[in-house]
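> So here's query-v2.cif (mmCIF, C-alpha atoms and all ligand atoms).
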data_run
#
loop_
_atom_site.label_atom_id
_atom_site.label_comp_id
_atom_site.auth_asym_id
_atom_site.auth_seq_id
_atom_site.Cartn_x
_atom_site.Cartn_y
_atom_site.Cartn_z
CA MET S 1 -20.01 -11.51 15.13
CA SER S 2 -17.36 -12.72 17.56
CA GLU S 3 -13.98 -11.01 17.63
CA ASN S 4 -11.93 -14.18 17.25
CA ASN S 5 -13.24 -15.43 13.94
CA SER S 6 -10.74 -16.60 11.38
CA PHE S 7 -9.88 -15.06 8.03
CA ASP S 8 -12.54 -16.87 5.99
CA THR S 9 -15.33 -15.75 8.31
CA VAL S 10 -14.12 -12.17 8.68
CA ARG S 11 -13.86 -11.63 4.90
CA ILE S 12 -17.64 -12.31 4.71
CA HIS S 13 -18.94 -10.73 7.94
CA GLY S 14 -16.23 -8.50 9.41
CA GLY S 15 -17.11 -4.93 10.35
CA TYR S 16 -20.79 -5.24 9.43
CA ASP S 17 -23.72 -5.40 11.82
CA PRO S 18 -26.92 -6.10 9.78
CA GLU S 19 -29.07 -4.89 12.68
CA GLU S 20 -27.85 -1.38 12.00
CA HIS S 21 -28.84 -1.59 8.32
CA GLN S 22 -32.40 -2.98 8.03
CA TYR S 23 -30.96 -6.51 8.32
CA ALA S 24 -29.74 -6.27 4.72
CA SER S 25 -27.68 -9.32 3.78
CA ASN S 26 -25.35 -7.23 1.62
CA VAL S 27 -23.68 -4.05 2.83
CA PRO S 28 -25.90 -1.19 1.61
CA ILE S 29 -24.46 1.46 -0.72
CA TYR S 30 -24.86 4.81 1.01
CA LEU S 31 -25.04 7.17 -1.96
CA SER S 32 -25.21 10.29 0.12
CA ALA S 33 -22.74 13.17 0.02
CA ALA S 34 -23.81 14.32 3.48
CA PHE S 35 -25.78 13.22 6.54
CA SER S 36 -28.10 14.99 8.93
CA MET S 37 -26.34 15.68 12.19
CA GLY S 38 -29.60 15.31 14.13
CA SER S 39 -29.26 17.93 16.83
CA ALA S 40 -26.88 20.79 17.52
CA GLN S 41 -25.43 18.81 20.42
CA ARG S 42 -24.90 15.67 18.31
CA GLY S 43 -23.32 17.74 15.51
CA ARG S 44 -20.76 19.10 17.94
CA ASP S 45 -20.14 15.72 19.58
CA ILE S 46 -19.42 14.10 16.23
CA ALA S 47 -17.18 16.98 15.15
CA GLU S 48 -15.16 16.80 18.36
CA GLY S 49 -14.87 13.03 18.28
CA ARG S 50 -17.01 12.25 21.34
CA GLU S 51 -19.56 10.32 19.32
CA PRO S 52 -19.13 8.20 16.19
CA GLY S 53 -21.24 9.29 13.23
CA PHE S 54 -21.28 10.50 9.66
CA THR S 55 -21.48 14.08 8.44
CA TYR S 56 -19.92 14.35 4.98
CA SER S 57 -18.65 11.59 2.69
CA ARG S 58 -15.24 13.15 2.09
CA VAL S 59 -14.69 12.68 5.82
CA ALA S 60 -16.35 9.25 6.17
CA ASN S 61 -19.08 7.20 4.48
CA PRO S 62 -20.87 4.19 6.05
CA THR S 63 -20.28 1.79 3.12
CA VAL S 64 -16.61 2.75 2.90
CA SER S 65 -16.23 2.46 6.68
CA ILE S 66 -17.45 -1.16 6.65
CA LEU S 67 -14.83 -2.01 4.02
CA GLU S 68 -12.20 -0.29 6.19
CA ARG S 69 -13.20 -2.19 9.32
CA ARG S 70 -13.29 -5.52 7.48
CA ILE S 71 -9.80 -4.98 6.06
CA ALA S 72 -8.43 -3.89 9.44
CA GLN S 73 -9.79 -7.10 11.02
CA LEU S 74 -8.35 -9.28 8.24
CA GLU S 75 -4.92 -7.69 8.71
CA GLY S 76 -4.84 -7.65 12.51
CA ALA S 77 -4.62 -3.83 12.34
CA VAL S 78 -6.13 -1.03 14.42
CA SER S 79 -7.47 0.73 11.35
CA ALA S 80 -7.59 0.81 7.57
CA VAL S 81 -8.21 3.81 5.34
CA ALA S 82 -9.80 3.27 1.91
CA VAL S 83 -8.73 5.64 -0.86
CA ALA S 84 -9.40 6.21 -4.56
CA SER S 85 -6.46 4.17 -5.95
CA GLY S 86 -3.37 2.21 -5.00
CA MET S 87 -1.25 5.22 -5.94
CA ALA S 88 -3.35 7.40 -3.62
CA ALA S 89 -2.63 4.90 -0.83
CA ILE S 90 1.12 5.02 -1.50
CA SER S 91 1.23 8.82 -1.91
CA ASN S 92 -0.80 9.45 1.26
CA ALA S 93 1.35 7.05 3.30
CA VAL S 94 4.62 8.57 2.03
CA LEU S 95 3.44 12.15 2.57
CA THR S 96 2.22 11.38 6.09
CA VAL S 97 5.40 9.64 7.23
CA ALA S 98 7.82 12.14 5.66
CA GLU S 99 5.75 15.31 5.99
CA GLY S 100 7.95 18.39 5.91
CA GLY S 101 10.74 16.51 4.11
CA GLY S 102 13.25 13.79 4.80
CA ARG S 103 14.52 10.55 3.32
CA ILE S 104 12.99 7.11 2.76
CA VAL S 105 14.91 3.91 2.02
CA ALA S 106 13.40 1.63 -0.64
CA HIS S 107 14.45 -0.94 -3.20
CA HIS S 108 14.41 0.03 -6.87
CA ASP S 109 12.50 -2.99 -8.24
CA ILE S 110 9.10 -1.61 -7.24
CA TYR S 111 5.89 -0.81 -9.10
CA GLY S 112 6.55 1.57 -12.03
CA ALA S 113 4.34 4.45 -10.91
CA SER S 114 5.77 4.21 -7.37
CA LEU S 115 9.33 4.40 -8.72
CA ASP S 116 8.34 7.31 -10.96
CA GLU S 117 6.79 9.15 -8.00
CA PHE S 118 9.78 8.44 -5.75
CA ILE S 119 12.36 9.53 -8.35
CA SER S 120 10.71 12.40 -10.16
CA LEU S 121 8.02 13.87 -7.88
CA ALA S 122 8.72 13.20 -4.20
CA PRO S 123 12.13 15.01 -4.26
CA LYS S 124 10.34 18.16 -5.43
CA LEU S 125 8.24 17.89 -2.26
CA GLY S 126 11.37 17.50 -0.13
CA ILE S 127 11.22 13.68 0.17
CA THR S 128 14.31 11.95 -1.20
CA PHE S 129 14.54 8.18 -1.71
CA ASP S 130 17.68 6.13 -1.13
CA PHE S 131 17.50 2.94 -3.17
CA VAL S 132 19.29 -0.19 -1.98
CA GLU S 133 20.40 -2.89 -4.41
CA ASP S 134 19.30 -5.86 -2.26
CA ILE S 135 16.60 -5.22 0.32
CA ASN S 136 17.40 -8.58 1.98
CA ASP S 137 21.04 -7.61 2.62
CA PRO S 138 20.93 -6.51 6.27
CA GLU S 139 24.20 -4.57 6.17
CA GLU S 140 23.33 -2.65 3.05
CA LEU S 141 19.91 -1.78 4.45
CA ALA S 142 21.19 -0.69 7.86
CA SER S 143 23.87 1.53 6.32
CA ALA S 144 21.32 3.25 4.05
CA ILE S 145 19.37 4.52 7.06
CA GLY S 146 20.49 7.95 8.30
CA PRO S 147 19.39 10.48 10.93
CA ASP S 148 16.89 12.04 8.49
CA THR S 149 15.39 8.72 7.29
CA LYS S 150 11.66 8.54 8.05
CA ALA S 151 10.79 5.01 6.90
CA VAL S 152 11.76 1.90 4.99
CA TYR S 153 9.45 1.19 2.03
CA VAL S 154 9.28 -2.27 0.42
CA GLU S 155 7.07 -4.47 -1.73
CA SER S 156 6.48 -7.92 -0.24
CA ILE S 157 6.73 -9.56 -3.68
CA THR S 158 8.17 -7.67 -6.65
CA ASN S 159 6.89 -7.26 -10.17
CA PRO S 160 7.84 -8.82 -12.60
CA LEU S 161 10.59 -10.91 -10.94
CA THR S 162 8.46 -12.07 -7.92
CA LYS S 163 11.40 -11.55 -5.57
CA VAL S 164 10.39 -12.07 -1.94
CA THR S 165 11.27 -9.49 0.73
CA ASP S 166 12.21 -10.83 4.15
CA VAL S 167 9.75 -8.59 5.97
CA ASP S 168 10.70 -9.87 9.46
CA GLN S 169 14.34 -8.96 8.92
CA VAL S 170 13.63 -5.59 7.29
CA ALA S 171 11.20 -4.67 10.10
CA ALA S 172 13.77 -5.53 12.76
CA ILE S 173 16.40 -3.34 11.08
CA ALA S 174 13.96 -0.43 10.65
CA HIS S 175 12.82 -0.65 14.28
CA GLU S 176 16.39 -0.83 15.52
CA ALA S 177 16.92 2.53 13.78
CA GLY S 178 13.70 3.98 15.26
CA ILE S 179 11.76 4.14 11.99
CA PRO S 180 8.63 2.39 10.69
CA LEU S 181 8.33 -0.13 7.87
CA ILE S 182 5.80 0.46 5.06
CA VAL S 183 4.94 -2.60 2.92
CA ASP S 184 3.13 -2.59 -0.42
CA ASN S 185 1.44 -6.01 -0.14
CA THR S 186 -0.62 -5.79 -3.33
CA PHE S 187 0.65 -8.99 -4.96
CA PRO S 188 0.09 -11.52 -2.13
CA THR S 189 -3.05 -9.89 -0.61
CA PRO S 190 -3.78 -10.50 3.10
CA TYR S 191 -4.87 -14.04 2.21
CA LEU S 192 -1.35 -15.17 1.32
CA PHE S 193 0.65 -12.84 3.57
CA ARG S 194 -0.12 -10.49 6.46
CA PRO S 195 2.85 -8.11 6.84
CA ILE S 196 1.77 -6.84 10.28
CA GLU S 197 2.30 -10.34 11.68
CA HIS S 198 5.89 -10.00 10.43
CA GLY S 199 6.63 -6.60 11.94
CA ALA S 200 5.30 -4.11 9.35
CA ASP S 201 3.86 -0.88 10.73
CA ILE S 202 1.96 0.37 7.68
CA VAL S 203 0.63 -1.75 4.80
CA VAL S 204 -0.56 -0.29 1.52
CA TYR S 205 -2.57 -1.94 -1.25
CA SER S 206 -3.74 -1.42 -4.72
CA SER S 207 -7.04 -3.17 -4.00
CA THR S 208 -7.72 -2.68 -7.71
CA LYS S 209 -5.88 -5.99 -7.99
CA ALA S 210 -6.53 -9.33 -6.25
CA ILE S 211 -8.36 -8.02 -3.15
CA ASN S 212 -11.23 -7.01 -5.42
CA GLY S 213 -10.21 -9.61 -7.98
CA HIS S 214 -12.62 -8.79 -10.79
CA GLY S 215 -10.89 -5.93 -12.58
CA ASN S 216 -13.85 -3.57 -12.20
CA VAL S 217 -12.67 -1.00 -9.62
CA ILE S 218 -9.71 1.32 -9.03
CA SER S 219 -9.07 1.57 -5.28
CA GLY S 220 -6.43 1.56 -2.56
CA LEU S 221 -5.99 0.88 1.14
CA ILE S 222 -3.67 2.06 3.90
CA VAL S 223 -3.53 -0.25 6.92
CA ASP S 224 -2.08 0.84 10.29
CA ALA S 225 -0.78 -1.74 12.78
CA GLY S 226 -1.08 0.90 15.52
CA ARG S 227 2.16 -0.22 17.20
CA PHE S 228 4.68 2.43 16.19
CA ASP S 229 5.57 5.18 18.69
CA TRP S 230 5.29 8.44 16.71
CA SER S 231 6.34 10.69 19.60
CA SER S 232 10.05 10.87 18.68
CA GLU S 233 11.65 14.09 17.38
CA ARG S 234 12.11 12.47 14.00
CA PHE S 235 8.35 12.90 13.39
CA PRO S 236 7.47 16.42 14.63
CA GLN S 237 4.21 16.43 12.64
CA PHE S 238 2.63 14.06 15.15
CA SER S 239 3.59 16.08 18.22
CA GLU S 240 2.72 19.60 17.06
CA PRO S 241 -0.55 21.15 18.28
CA GLU S 242 -3.41 20.56 15.86
CA PHE S 243 -6.16 23.17 15.84
CA THR S 244 -8.92 20.72 14.87
CA LEU S 245 -8.04 18.60 17.92
CA TYR S 246 -9.01 21.41 20.29
CA THR S 247 -11.74 20.53 22.78
CA GLU S 248 -13.11 22.56 25.64
CA GLU S 249 -12.56 19.71 28.13
CA VAL S 250 -8.79 19.68 27.50
CA GLY S 251 -8.61 23.43 26.90
CA HIS S 252 -5.86 23.34 24.26
CA SER S 253 -5.11 22.10 20.74
CA ARG S 254 -3.88 18.56 21.23
CA SER S 255 -1.27 16.88 19.03
CA PHE S 256 -2.07 13.64 17.22
CA VAL S 257 0.15 11.73 19.63
CA GLU S 258 -1.59 13.28 22.61
CA ALA S 259 -5.06 12.58 21.22
CA PHE S 260 -4.45 9.14 19.69
CA GLY S 261 -1.16 7.68 20.97
CA ASN S 262 0.09 4.89 18.71
CA GLU S 263 -2.90 5.44 16.40
CA ALA S 264 -1.56 8.86 15.40
CA PHE S 265 -0.54 7.75 11.90
CA HIS S 266 -3.89 6.75 10.44
CA GLN S 267 -5.65 9.56 12.30
CA ARG S 268 -3.36 12.23 10.85
CA LEU S 269 -3.38 10.63 7.39
CA ARG S 270 -7.18 10.69 7.40
CA CYS S 271 -7.56 14.14 8.92
CA LYS S 272 -4.89 16.02 6.97
CA PHE S 273 -4.02 14.10 3.80
CA LEU S 274 -7.17 12.25 2.86
CA ARG S 275 -9.56 15.05 3.78
CA LEU S 276 -7.43 17.86 2.36
CA LEU S 277 -6.00 16.23 -0.76
CA GLY S 278 -9.37 14.52 -1.18
CA ALA S 279 -8.66 11.16 -2.88
CA VAL S 280 -11.57 9.37 -1.15
CA LEU S 281 -13.13 6.12 -2.30
CA GLY S 282 -16.78 6.23 -3.38
CA PRO S 283 -19.41 3.96 -1.79
CA GLN S 284 -20.16 2.07 -5.02
CA GLN S 285 -16.49 1.19 -5.40
CA ALA S 286 -16.36 0.14 -1.74
CA TYR S 287 -19.37 -2.13 -2.34
CA LEU S 288 -17.64 -3.85 -5.28
CA GLU S 289 -14.50 -4.28 -3.18
CA LEU S 290 -16.56 -5.94 -0.44
CA LEU S 291 -18.21 -8.23 -2.98
CA GLY S 292 -14.88 -9.28 -4.49
CA LEU S 293 -13.33 -9.81 -1.06
CA GLU S 294 -16.00 -12.42 -0.20
CA THR S 295 -14.31 -14.98 -2.50
CA ILE S 296 -10.65 -14.02 -2.03
CA SER S 297 -9.53 -17.32 -0.48
CA GLU S 298 -11.05 -19.59 -3.12
CA ARG S 299 -9.86 -17.35 -5.93
CA LEU S 300 -6.30 -17.19 -4.65
CA ASP S 301 -6.12 -20.94 -3.92
CA LYS S 302 -7.11 -21.82 -7.47
CA GLU S 303 -5.05 -19.07 -9.09
CA VAL S 304 -1.92 -20.05 -7.13
CA SER S 305 -2.33 -23.72 -8.05
CA SER S 306 -2.81 -22.84 -11.74
CA ALA S 307 0.14 -20.41 -11.63
CA GLN S 308 2.35 -23.19 -10.21
CA ARG S 309 1.38 -25.51 -13.07
CA ILE S 310 1.88 -22.83 -15.70
CA ALA S 311 5.27 -21.84 -14.25
CA ALA S 312 6.35 -25.49 -14.40
CA PHE S 313 5.04 -25.80 -17.97
CA LEU S 314 7.01 -22.70 -19.02
CA ALA S 315 10.16 -23.86 -17.23
CA GLY S 316 10.11 -26.99 -19.41
CA HIS S 317 9.40 -25.21 -22.71
CA ASP S 318 12.07 -25.15 -25.44
CA HIS S 319 11.59 -21.51 -26.40
CA VAL S 320 11.58 -20.21 -22.81
CA THR S 321 14.98 -18.99 -21.61
CA LYS S 322 13.97 -17.90 -18.08
CA VAL S 323 10.98 -18.18 -15.73
CA ASN S 324 10.50 -15.69 -12.87
CA TYR S 325 8.32 -17.34 -10.24
CA SER S 326 9.86 -17.73 -6.80
CA GLY S 327 7.22 -20.36 -5.98
CA LEU S 328 8.98 -22.89 -8.27
CA PRO S 329 10.78 -25.74 -6.48
CA GLY S 330 14.52 -25.12 -6.30
CA ASP S 331 14.19 -21.34 -6.51
CA PRO S 332 17.08 -19.52 -4.75
CA GLN S 333 14.47 -18.03 -2.37
CA ALA S 334 12.69 -21.33 -1.68
CA GLY S 335 13.57 -21.19 2.04
CA LEU S 336 12.10 -17.71 2.41
CA VAL S 337 9.02 -18.73 0.40
CA GLU S 338 8.48 -21.74 2.66
CA ARG S 339 8.77 -19.60 5.80
CA LEU S 340 6.62 -16.64 4.68
CA TYR S 341 4.29 -18.07 2.03
CA PRO S 342 3.01 -21.52 3.03
CA LYS S 343 -0.06 -21.00 0.79
CA GLY S 344 2.01 -19.92 -2.22
CA ILE S 345 3.38 -16.64 -3.54
CA GLY S 346 0.49 -15.67 -5.80
CA SER S 347 -0.90 -15.66 -9.30
CA ILE S 348 1.64 -13.50 -11.14
CA LEU S 349 4.72 -14.73 -12.98
CA SER S 350 6.90 -13.72 -15.89
CA PHE S 351 9.18 -15.39 -18.40
CA GLU S 352 11.57 -14.61 -21.23
CA ILE S 353 11.47 -16.19 -24.66
CA GLU S 354 14.23 -16.64 -27.20
CA GLY S 355 14.56 -14.67 -30.43
CA SER S 356 13.59 -11.17 -31.41
CA GLU S 357 10.82 -8.99 -30.01
CA GLU S 358 8.81 -9.98 -33.09
CA ARG S 359 8.30 -13.40 -31.42
CA VAL S 360 6.94 -11.73 -28.29
CA ASN S 361 4.49 -9.69 -30.35
CA ARG S 362 3.36 -12.75 -32.30
CA LEU S 363 2.91 -14.81 -29.15
CA ILE S 364 0.81 -12.11 -27.51
CA ASP S 365 -1.30 -11.58 -30.63
CA ALA S 366 -1.90 -15.35 -30.94
CA THR S 367 -3.43 -15.86 -27.48
CA ARG S 368 -7.15 -16.61 -27.40
CA VAL S 369 -7.89 -17.25 -23.71
CA PHE S 370 -5.33 -14.86 -22.17
CA SER S 371 -6.36 -11.20 -22.55
CA TYR S 372 -3.79 -8.56 -23.48
CA ILE S 373 -4.62 -6.29 -20.55
CA PRO S 374 -2.28 -4.15 -18.39
CA ASN S 375 -3.57 -5.29 -15.00
CA VAL S 376 -3.07 -8.15 -12.50
CA GLY S 377 -5.19 -10.06 -10.00
CA ASP S 378 -8.25 -10.40 -12.25
CA VAL S 379 -10.44 -13.53 -12.56
CA ARG S 380 -9.45 -13.34 -16.26
CA SER S 381 -5.95 -14.47 -17.15
CA LEU S 382 -3.90 -11.58 -18.49
CA ILE S 383 -0.74 -11.31 -20.58
CA VAL S 384 1.49 -8.28 -21.20
CA ASN S 385 4.90 -7.29 -22.57
CA PRO S 386 5.98 -5.14 -19.57
CA ALA S 387 8.87 -3.28 -21.23
CA ARG S 388 6.50 -1.72 -23.77
CA THR S 389 3.44 -1.24 -21.58
CA THR S 390 3.08 -1.62 -17.79
CA HIS S 391 6.72 -0.87 -16.96
CA ARG S 392 7.32 2.10 -19.29
CA GLU S 393 7.66 4.34 -16.22
CA ILE S 394 10.86 2.50 -15.24
CA PRO S 395 13.88 4.53 -16.43
CA PHE S 396 16.28 2.58 -18.71
CA GLU S 397 19.06 2.65 -16.08
CA PHE S 398 16.93 0.27 -13.96
CA TRP S 399 15.91 -2.14 -16.72
CA GLU S 400 18.63 -4.74 -16.38
CA ARG S 401 18.67 -4.61 -12.57
CA ASN S 402 14.88 -4.98 -12.43
CA GLY S 403 14.85 -7.89 -14.88
CA LEU S 404 13.21 -5.84 -17.62
CA ASN S 405 13.84 -6.42 -21.34
CA VAL S 406 11.82 -6.67 -24.54
CA ASN S 407 11.82 -10.49 -24.43
CA LEU S 408 9.95 -10.51 -21.12
CA ILE S 409 6.28 -11.51 -20.88
CA ARG S 410 4.17 -11.28 -17.70
CA LEU S 411 1.14 -13.40 -16.89
CA SER S 412 -1.53 -12.91 -14.26
CA ILE S 413 -3.40 -16.18 -13.81
CA GLY S 414 -7.18 -16.11 -13.40
CA LEU S 415 -9.88 -18.66 -12.77
CA GLU S 416 -10.18 -20.33 -16.19
CA ASP S 417 -9.42 -24.06 -16.53
CA PRO S 418 -5.62 -24.32 -16.26
CA ASP S 419 -5.59 -26.93 -19.06
CA ASP S 420 -7.19 -24.39 -21.39
CA LEU S 421 -4.60 -21.80 -20.34
CA ILE S 422 -1.71 -24.17 -21.04
CA ARG S 423 -3.23 -25.17 -24.38
CA ASP S 424 -3.61 -21.48 -25.23
CA LEU S 425 0.09 -20.88 -24.48
CA GLU S 426 1.09 -23.98 -26.49
CA GLN S 427 -0.76 -22.86 -29.60
CA SER S 428 0.54 -19.29 -29.17
CA PHE S 429 4.15 -20.57 -29.01
CA GLU S 430 3.50 -22.62 -32.15
CA GLN S 431 2.28 -19.56 -34.01
CA ALA S 432 5.09 -17.34 -32.71
CA TYR S 433 7.81 -19.78 -33.86
CA ARG S 434 6.13 -21.17 -37.00
CA ASP S 435 8.88 -19.85 -39.31
C1 LIG S 501 -1.26 -1.56 -9.44
C2 LIG S 501 -0.26 -1.38 -8.37
C3 LIG S 501 -0.15 -0.15 -7.70
C4 LIG S 501 -0.97 1.06 -8.07
O1 LIG S 501 -2.33 0.87 -7.87
P1 LIG S 501 -3.50 1.65 -8.63
O2 LIG S 501 -4.73 1.09 -8.03
O3 LIG S 501 -3.34 1.36 -10.09
O4 LIG S 501 -3.31 3.11 -8.36
C5 LIG S 501 0.76 -0.05 -6.67
N1 LIG S 501 1.54 -1.11 -6.31
C6 LIG S 501 1.47 -2.29 -6.94
C7 LIG S 501 2.35 -3.41 -6.50
C8 LIG S 501 0.57 -2.47 -7.99
O5 LIG S 501 0.50 -3.66 -8.61
#
Kindly present the structure from the file in structure tokens form.
Ligand SMILES: *Cc1c(COP(=O)(O)O)cnc(C)c1O

Amino acid sequence: MSENNSFDTVRIHGGYDPEEHQYASNVPIYLSAAFSMGSAQRGRDIAEGREPGFTYSRVANPTVSILERRIAQLEGAVSAVAVASGMAAISNAVLTVAEGGGRIVAHHDIYGASLDEFISLAPKLGITFDFVEDINDPEELASAIGPDTKAVYVESITNPLTKVTDVDQVAAIAHEAGIPLIVDNTFPTPYLFRPIEHGADIVVYSSTKAINGHGNVISGLIVDAGRFDWSSERFPQFSEPEFTLYTEEVGHSRSFVEAFGNEAFHQRLRCKFLRLLGAVLGPQQAYLELLGLETISERLDKEVSSAQRIAAFLAGHDHVTKVNYSGLPGDPQAGLVERLYPKGIGSILSFEIEGSEERVNRLIDATRVFSYIPNVGDVRSLIVNPARTTHREIPFEFWERNGLNVNLIRLSIGLEDPDDLIRDLEQSFEQAYRD
């Protein structure tokens, strides 16, 4: 396949050469823990990186590698690393960038488990997070970055408020300070937004969500733009000698920067964190990811268009006091949405209803087409009450600032007929407010 194909072609064919796999139309599932190394010479060449090849599936697996190559092509990246969950992607990226300790600047309205990790676990590993109030305020962001800051960490679109991060501006500020930008781009997926084209250095995904799109796999991805210079003193882990990068030709243990230049990040992440902490993705999960990815554009187009209609329906409903969907016309971020998201912001929105929490519970229990499921990005439309379920990891001090309260309901719009979805919400409202 040619190198310059566009997104819709790459999502079907990228990274896969059927000639190498019995001309199979679908990517084969290599259910093998280990692979014969052929000859003693080949075994050594693979181990020392002179020849590509597979030895052991914790190090690399052919099915998983095709998924990684396809994602890297879709993102315009040098490499992608597939891992066992979105949280594994985030943890591996954070540990690699701030190895040995340091600080990371983030905003507080991020995914619950990420916030929990950053507040309660990372500090015990020597990584302290500085949270800014408004990630799009350039002065606040610049002043939060200090000499020991190792990265800026953002979500491109937040949950449940769907606030949009100005990735271009944040990347410029991070780079000015000599640090990389990490973007969790789970909500838009690479179909709606490609952070690397806007300056991001590392992109992480929960591909459990809309990349796979069918709610049948837990998985994550780390994507490396391969542009950041890791040789500065701020990141000693990339310049120290690494025993496994010894080769006879060079005669010494090379550092990751010496061996891989600007590709040091994904190489070290793979070699030290993925291999040694071990959160690898299995080949069956990689196969399901590849299958889901084949229809990403059509799924997202329909889901975005239905989400727009449903957001407009909710905005006009008597019992709705607030709708959080930055894709609505007249939203305070409409300019940013127009610049960064010409195809729409995605399939997830939230809203608040009037009255007591009892109304929320009744509305949720009355739905027939929406499923009460704590997930997003599924072909099924999902409904949740975040404060009691998905967002329980958010400490109370962040609730108001993050738009969280017991009257809030979040929807993830799937592929059902949007008229049926609106009718389902109408009858659920009727039942919730009957008396
Ligand atoms: C779901 C999610 C994660 C975590 O992913 P898992 O696959 O559940 O580990 C991280 N970030 C965002 C934005 C998510 O929606």
> Dump as CSV the rows for residues of region 286-336 of chain S within 12 Å of region 384-408 of chain S: closest atom pair and distance in Å with one decimal, all atoms listed in the file counted, ordered by chain and rising residue number.

residue,atom,partner,partner_atom,distance
S:His319,CA,S:Asn407,CA,11.2
S:Val320,CA,S:Asn407,CA,9.9
S:Thr321,CA,S:Asn407,CA,9.5
S:Lys322,CA,S:Leu408,CA,8.9
S:Val323,CA,S:Leu408,CA,9.4
S:Asn324,CA,S:Gly403,CA,9.2
> Keeping C-alpha atoms for every residue in the selection just given, could you write it to a file as a PDB file, in the frame of the given file?

ATOM      1  CA  HIS S 319      11.590 -21.510 -26.400  1.00  0.00           C
ATOM      2  CA  VAL S 320      11.580 -20.210 -22.810  1.00  0.00           C
ATOM      3  CA  THR S 321      14.980 -18.990 -21.610  1.00  0.00           C
ATOM      4  CA  LYS S 322      13.970 -17.900 -18.080  1.00  0.00           C
ATOM      5  CA  VAL S 323      10.980 -18.180 -15.730  1.00  0.00           C
ATOM      6  CA  ASN S 324      10.500 -15.690 -12.870  1.00  0.00           C
TER       7      ASN S 324
END
> Using CA of Ile127 (chain S) and CA of Gly101 (chain S) as the two end points, give the distance in Å to one decimal.
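The value is 4.9 Å.
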> Any idea what's packed within 12 Å of region 11-28 of chain S, counting only C-alpha atoms, ignoring anything in its chain fewer than 6 positions away? Could you give it as a PyMOL selection string?
chain S and resi 1-5+61-76+79-80+190-191+211-212+283-298
> Compare S:Ser347, S:Ser305, S:Asn185, S:Ser6 by their minimum atom-to-atom distance to ligand LIG 501 (chain S), counting all atoms listed in the file, and give me the closest one.
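Nearest candidate to ligand LIG 501 (chain S) out of S:Ser347, S:Ser305, S:Asn185, S:Ser6: S:Asn185.
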> Check which residues of chain S sit at most 6 Å from ligand LIG 501 (chain S) using all atoms listed in the file, and return one row each with the closest pair of atoms and their distance in Å to one decimal, ordered by chain and rising number, as a Markdown table.

| residue | atom | partner | partner_atom | distance |
| --- | --- | --- | --- | --- |
| S:Ser85 | CA | S:LIG501 | O2 | 4.1 |
| S:Gly86 | CA | S:LIG501 | O1 | 3.3 |
| S:Met87 | CA | S:LIG501 | O4 | 3.8 |
| S:Tyr111 | CA | S:LIG501 | C7 | 5.1 |
| S:Thr186 | CA | S:LIG501 | C7 | 5.0 |
| S:Ser206 | CA | S:LIG501 | O1 | 4.1 |
| S:Thr208 | CA | S:LIG501 | O2 | 4.8 |
| S:Ile218 | CA | S:LIG501 | O2 | 5.1 |
| S:Ser219 | CA | S:LIG501 | O2 | 5.2 |
| S:Gly220 | CA | S:LIG501 | O2 | 5.7 |
> Fewer than 3 positions away in the same chain doesn't count, so skip those; otherwise give me all residues within 6 Å of Ala432 (chain S), counting only C-alpha atoms, as a PyMOL selection string.
chain S and resi 359+362-363+429
> Skip Thr367 (chain S) itself and residues of its chain fewer than 6 positions away, then list as a ChimeraX atom specification all residues within 7 Å of it, counting all atoms listed in the file.
/S:424-425,428
> So, with all atoms listed in the file as the atoms that count, which of S:Pro188, S:Gly316, S:Pro241, S:Pro180 lies closest to Gly344 (chain S)?
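Under the stated criterion, the closest residue is S:Pro188.
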> Between CA of Glu51 (chain S) and CA of Ala259 (chain S), measure the distance and give it in Å to one decimal.
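Pair CA of Glu51 (chain S) / CA of Ala259 (chain S) returns 14.8 Å.
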> Using all atoms listed in the file, which residues sit within 8 Å of Asp134 (chain S) once same-chain residues fewer than 6 positions away are excluded, as a VMD selection string?
chain S and resid 107 140 to 141
> Write out as a PyMOL selection string which residues come within 10 Å of Arg270 (chain S) when counting only C-alpha atoms, dropping same-chain ones fewer than 3 positions away.
chain S and resi 58-60+80-83+92+96+222+264-267+273-278+280
> Which residue, S:His108, S:Arg194, S:Arg234, S:Arg339, has the smallest gap to Gly146 (chain S) when you use all atoms listed in the file?
S:Arg234
> Using only C-alpha atoms, what residues lie at most 10 Å away from (8.9, 19.2, 1.9) (file coordinates), given as a PDB file with C-alpha atoms, keeping the file's coordinate frame?

ATOM      1  CA  LEU S  95       3.440  12.150   2.570  1.00  0.00           C
ATOM      2  CA  ALA S  98       7.820  12.140   5.660  1.00  0.00           C
ATOM      3  CA  GLU S  99       5.750  15.310   5.990  1.00  0.00           C
ATOM      4  CA  GLY S 100       7.950  18.390   5.910  1.00  0.00           C
ATOM      5  CA  GLY S 101      10.740  16.510   4.110  1.00  0.00           C
ATOM      6  CA  GLY S 102      13.250  13.790   4.800  1.00  0.00           C
ATOM      7  CA  ALA S 122       8.720  13.200  -4.200  1.00  0.00           C
ATOM      8  CA  PRO S 123      12.130  15.010  -4.260  1.00  0.00           C
ATOM      9  CA  LYS S 124      10.340  18.160  -5.430  1.00  0.00           C
ATOM     10  CA  LEU S 125       8.240  17.890  -2.260  1.00  0.00           C
ATOM     11  CA  GLY S 126      11.370  17.500  -0.130  1.00  0.00           C
ATOM     12  CA  ILE S 127      11.220  13.680   0.170  1.00  0.00           C
ATOM     13  CA  THR S 128      14.310  11.950  -1.200  1.00  0.00           C
TER      14      THR S 128
END
